[in-house]
Amino acid sequence: MGLRKGDVIGAYSISHDVKEEYNNMAVFGWTVLMSAAFIAMLACARIGAVHSVVFGGFAAHNLALRIDDAQPKLLICADAGMRAGKVLPYKPLVDAACDEARYAPPKVLIVHRGLDQELNLKPNRDVEYAPLRARHQGAEVPVAWLESNEPSYILYTSGTTGKPKGVQRDVGGHAVALALSMRTVFDVGPGQTMFSTSDVGWAVGHSYNVYGPLLVGATSLLYEGLPIHPDPGIWWQLCEQYQVRTMFSSPTAIRVLKKYATAWLKKYDLPAFRWLFLAGEPLDEPTSHWINDGLGKPVIDNYWQTETGWPVLALLPGMDLKPVKFGSPGLPNLGYKLRVINDASGIDAEPGEKGILTIVPPLPPGCLTTIWHDDSRFLSSYFEHFKDLLYNTLDWAVRDEEGYTFILGRTDDVINVAGHRLGTREIEEAAASHSGVAEAAAIGVQDALKGQVPVLFVTLKQSLDEASSRHETTQQIQQKVVEMLGAIARPARTYLVHSLPKTRSGKLLRRLLTALAENADPGDLSTLDDPAAVDEISKALARGPD
Ligand code: ATP
Ligand code: MG
């Protein structure tokens with residue numbers, strides 16, 4: 001296709017959900033399908049092209065935005081994906097995105113999985129993969145050697161706080177950081193197996209499904225689909241079958257499992273299983289204890305961002321495991337010099353005092369080198385907030401005397417109640433300590449008297465209809481918050497709902513909840529996972545608190 005070093009290639013959709021029936025064949029079903037995305041990434045690395053993988057669950061508009069930002073020469077996609085047994089045609093989505101985009105790719109390569117018969121190939125643009133593959137099978141493609149600072153890939157952030165940023169990664173530093181962290185953080189070496197449950201479309205997928213394990217000669221177990229199909233024991237069954245040593249997942253996924261019996265966690269024999277790593281959002285204590293007790297394996301929180309590409313805060317089981325402190329992702333990782341800055345005074349916060357977590361430049365290897373084609377946004381987004389030159393993580397943190405750092409939420413997730421600043425996370429944690437609560441979302445809503453008041457949205461472990469009394473339950477939850485944080489934090493209103501609005505990567509969209517509660521424009525909904533959650537929240541708000 002005449003692709004060269006430095007060309008950008010977009011991959012879309014080939015990594016989305018699998019047929020449910022494939023779950024029974026687990027890895028085999030998977031390798032056939034997910035491997036297409038995986039191999040496309042490695043093929044780009046081989047020829048020195050820059051890839052930008054877009055999660056298959058996004059809509060045409062999201063894809064169009066990313067196409068215009070990355071301006072790929074080639075887009076690779078599958079004909080269709082499947083979710084919970086339903087065929088989701090991708091080709092029409094890709095066509096719609098190309099129609100909308102100003103910089104539509106000149107070529108689209110389609111991996112035809114036979115799910116969607118009507119491909120509607122566009123002459124001169126669309127190319128089918130199978131005949132092309134047959135024509136070039138066995139060809140030896142030389143490796144393109146790159147200078148270590150050249151770009152390897154672009155990956156867009158989740159868009160939890162606004163317009164996604166095109167994180168640009170280098171080649172050399174990236175490889176060094178991943179190889180190091182495989183040993184020191186994840187404790188995986190040659191011949192051992194790592195199982196990351198992430199989609200390859202996210203940062204974890206790039207770092208620890210694809211590149212990290214391969215860089216150290218380890219095996220990467222690929223599985224995509226729901227953790228509860230065919231049953232909620234599927235992950236542990238795979239861990240037993242493939243002797244997984246280290247598993248990497250997210251608190252959201254564990255909260256999904258938490259709705260099912262703990263017996264599933266104990267059903268399989270996991271002698272090889274050493275560590276369960278969780279990242280991506282705050283790991284609340286109840287969830288952490290639940291999975292820790294259920295599996296009987298150490299649970300290791302770790303904190304990082306798409307921007308950093310590997311953990312910023314972690315414990316290092318592969319080197320020297322320090323004790324776990326529940327609620328903290330641990331200590332600064334190798335290569336990271338961190339400062340917690342008091343946002344009012346601009347100076348370092350004392351131990352126990354809340355501040356903004358920053359990284360002292362130069363950023364360690366593996367971190368972003370810039371925002372794709374936008375150096376000035378790179379500087380203004382991350383480096384222009386303090387008088388010292390510091391990378392702003394945009395997350396609140398507090399450090400204890402020993403250096404353990406606790407993440408308190410995003411800097412745009414703070415509620416100011418009558419002059420008291422409360423982190424949404426503190427309120428959510430307090431609510432989640434009520435035994436009936438599966439998940440809680442706290443937001444600040446404008447109030448004439450107090451400036452803002454906390455408002456709580458809660459999902460319960462048992463179904464709502466079985467809950468003894470909605471009002472009694474919300475009263476108990478609010479009481480928990482008061483006991484732990486004082487009367488100032490008492491939620492003014494609490495709503496019991498079936499689901500909370502999240503991004504495609506499973507992060508709570510608090511800005512959306514706030515907009516709905518304040519009757520404001522909800523803004524860009526394109527990263528929202530399930531539009532039904534918005535309807536339910538709107539109805540709950542109209543109905544009034546429980
Ligand atoms: P955007 O930057 O586009 O708004 P995003 O921040 O959600 O999206 P990611 O890079 O996927 O995009 O997420 C990184 C963020 O996730 C961190 O800045 C932090 O807020 C949160 N996070 C990640 N890991 C943890 C953790 N272990 N504990 C608490 N928060 C975490
Ligand atoms: Mg972010």
# chains A, B, ... in the order shown; residues from 1 in each chain; ligands from 1
>>> closest_atom_pairs(of="chain A", to="ligand 1", cutoff="7 Å", atoms="only C-alpha atoms and all ligand atoms", output="Markdown table")
| residue | atom | partner | partner_atom_place_in_ligand_line | distance |
| --- | --- | --- | --- | --- |
| A:Thr157 | CA | ligand 1 | 3 (O) | 4.2 |
| A:Ser158 | CA | ligand 1 | 8 (O) | 3.8 |
| A:Gly159 | CA | ligand 1 | 3 (O) | 3.0 |
| A:Thr160 | CA | ligand 1 | 4 (O) | 3.6 |
| A:Thr161 | CA | ligand 1 | 4 (O) | 3.5 |
| A:Gly162 | CA | ligand 1 | 4 (O) | 5.3 |
| A:Lys163 | CA | ligand 1 | 3 (O) | 6.2 |
| A:Pro164 | CA | ligand 1 | 3 (O) | 4.4 |
| A:Lys165 | CA | ligand 1 | 3 (O) | 6.1 |
| A:Leu278 | CA | ligand 1 | 27 (N) | 6.8 |
| A:Ala279 | CA | ligand 1 | 27 (N) | 4.3 |
| A:Gly280 | CA | ligand 1 | 23 (C) | 3.5 |
| A:Glu281 | CA | ligand 1 | 31 (C) | 3.6 |
| A:Pro282 | CA | ligand 1 | 29 (C) | 3.4 |
| A:Leu283 | CA | ligand 1 | 28 (N) | 5.9 |
| A:Asp301 | CA | ligand 1 | 27 (N) | 5.4 |
| A:Asn302 | CA | ligand 1 | 27 (N) | 4.4 |
| A:Tyr303 | CA | ligand 1 | 27 (N) | 3.6 |
| A:Trp304 | CA | ligand 1 | 24 (N) | 5.0 |
| A:Gln305 | CA | ligand 1 | 10 (O) | 3.8 |
| A:Thr306 | CA | ligand 1 | 10 (O) | 3.6 |
| A:Glu307 | CA | ligand 1 | 10 (O) | 6.0 |
| A:Pro329 | CA | ligand 1 | 27 (N) | 5.5 |
| A:Thr393 | CA | ligand 1 | 18 (O) | 6.0 |
| A:Leu394 | CA | ligand 1 | 18 (O) | 6.5 |
| A:Asp395 | CA | ligand 1 | 20 (O) | 5.6 |
| A:Ile407 | CA | ligand 1 | 29 (C) | 5.2 |
| A:Gly409 | CA | ligand 1 | 20 (O) | 6.0 |
| A:Arg410 | CA | ligand 1 | 20 (O) | 5.3 |
| A:Lys507 | CA | ligand 1 | 7 (O) | 6.3 |
>>> closest_residue(among="A:Thr193, A:Asn124, A:Gln475, A:Ser505", to="ligand 2", atoms="only C-alpha atoms and all ligand atoms")
A:Ser505
>>> closest_residue(among="A:Pro501, A:Gly173, A:Pro271, A:Pro72", to="A:Leu363", atoms="only C-alpha atoms")
A:Gly173
>>> select_by_dssp(residues="stretch 368-462 of chain A", states="alpha helix (DSSP H)", output="list in words")
Asp375, Ser376, Arg377, Phe378, Leu379, Ser380, Ser381, Tyr382, Thr424, Arg425, Glu426, Ile427, Glu428, Glu429, Ala430, Ala431 and Ala432 of chain A
>>> atom_distance(atom1="atom CA of A:Thr503", atom2="atom CA of A:Leu528")
4.6 Å
>>> residues_around(residues="stretch 104-119 of chain A", least_positions_apart="3", cutoff="8 Å", atoms="only C-alpha atoms", output="list in words")
Ile14, Ala36, Ile67, Asp68, Gln71, Pro72, Lys73, Leu74, Leu75, Ile76, Cys77, Ala78, Asp79, Ala80, Gly81, Val87, Pro89, Lys91, Cys98, Asp99, Ala101, Asn124, Arg125, Asp126, Val127, Glu128, Tyr129 and Ala130 of chain A
>>> write_last_selection(atoms="C-alpha atoms", output="compact mmCIF listing (two decimals), in the first residue's frame")
# COMPACT_ATOMS: atom_id res chain seq x y z
CA ILE A 14 -11.36 -4.81 15.12
CA ALA A 36 -6.15 -8.61 13.94
CA ILE A 67 -9.53 10.90 12.03
CA ASP A 68 -9.35 14.67 11.59
CA GLN A 71 -5.13 12.35 9.63
CA PRO A 72 -4.33 8.70 8.87
CA LYS A 73 -3.22 7.49 5.45
CA LEU A 74 -4.91 4.16 6.03
CA LEU A 75 -7.78 3.04 8.22
CA ILE A 76 -8.07 -0.63 9.19
CA CYS A 77 -11.40 -1.99 10.37
CA ALA A 78 -13.50 -5.13 10.60
CA ASP A 79 -16.81 -5.59 8.79
CA ALA A 80 -18.60 -5.92 12.12
CA GLY A 81 -18.30 -6.78 15.78
CA VAL A 87 -24.02 -8.13 15.24
CA PRO A 89 -21.89 -3.57 11.62
CA LYS A 91 -18.40 -0.67 7.95
CA CYS A 98 -15.19 9.18 6.59
CA ASP A 99 -18.06 11.21 5.16
CA ALA A 101 -14.26 13.87 8.43
CA ASN A 124 -10.55 3.08 -5.23
CA ARG A 125 -10.76 3.40 -1.46
CA ASP A 126 -11.70 0.09 0.15
CA VAL A 127 -9.41 -2.91 0.07
CA GLU A 128 -10.23 -6.36 1.39
CA TYR A 129 -7.68 -7.95 3.66
CA ALA A 130 -7.94 -11.65 2.69
>>> select_by_dssp(residues="stretch 26-204 of chain A", states="strand (DSSP E)", output="ChimeraX atom specification")
/A:50-54,74-78,80-83,86-89,107-111,126-128,153-156,166-169,193-196
>>> residues_around(residues="A:Gln237", least_positions_apart="4", cutoff="8 Å", atoms="only C-alpha atoms", output="list in words")
Gly233, Gln241 and Tyr268 of chain A
>>> residues_around(residues="A:Ser52", least_positions_apart="4", cutoff="10 Å", atoms="only C-alpha atoms", output="PyMOL selection string")
chain A and resi 8-12+41+44+66-67+70-72+75+152-156+166-168+201
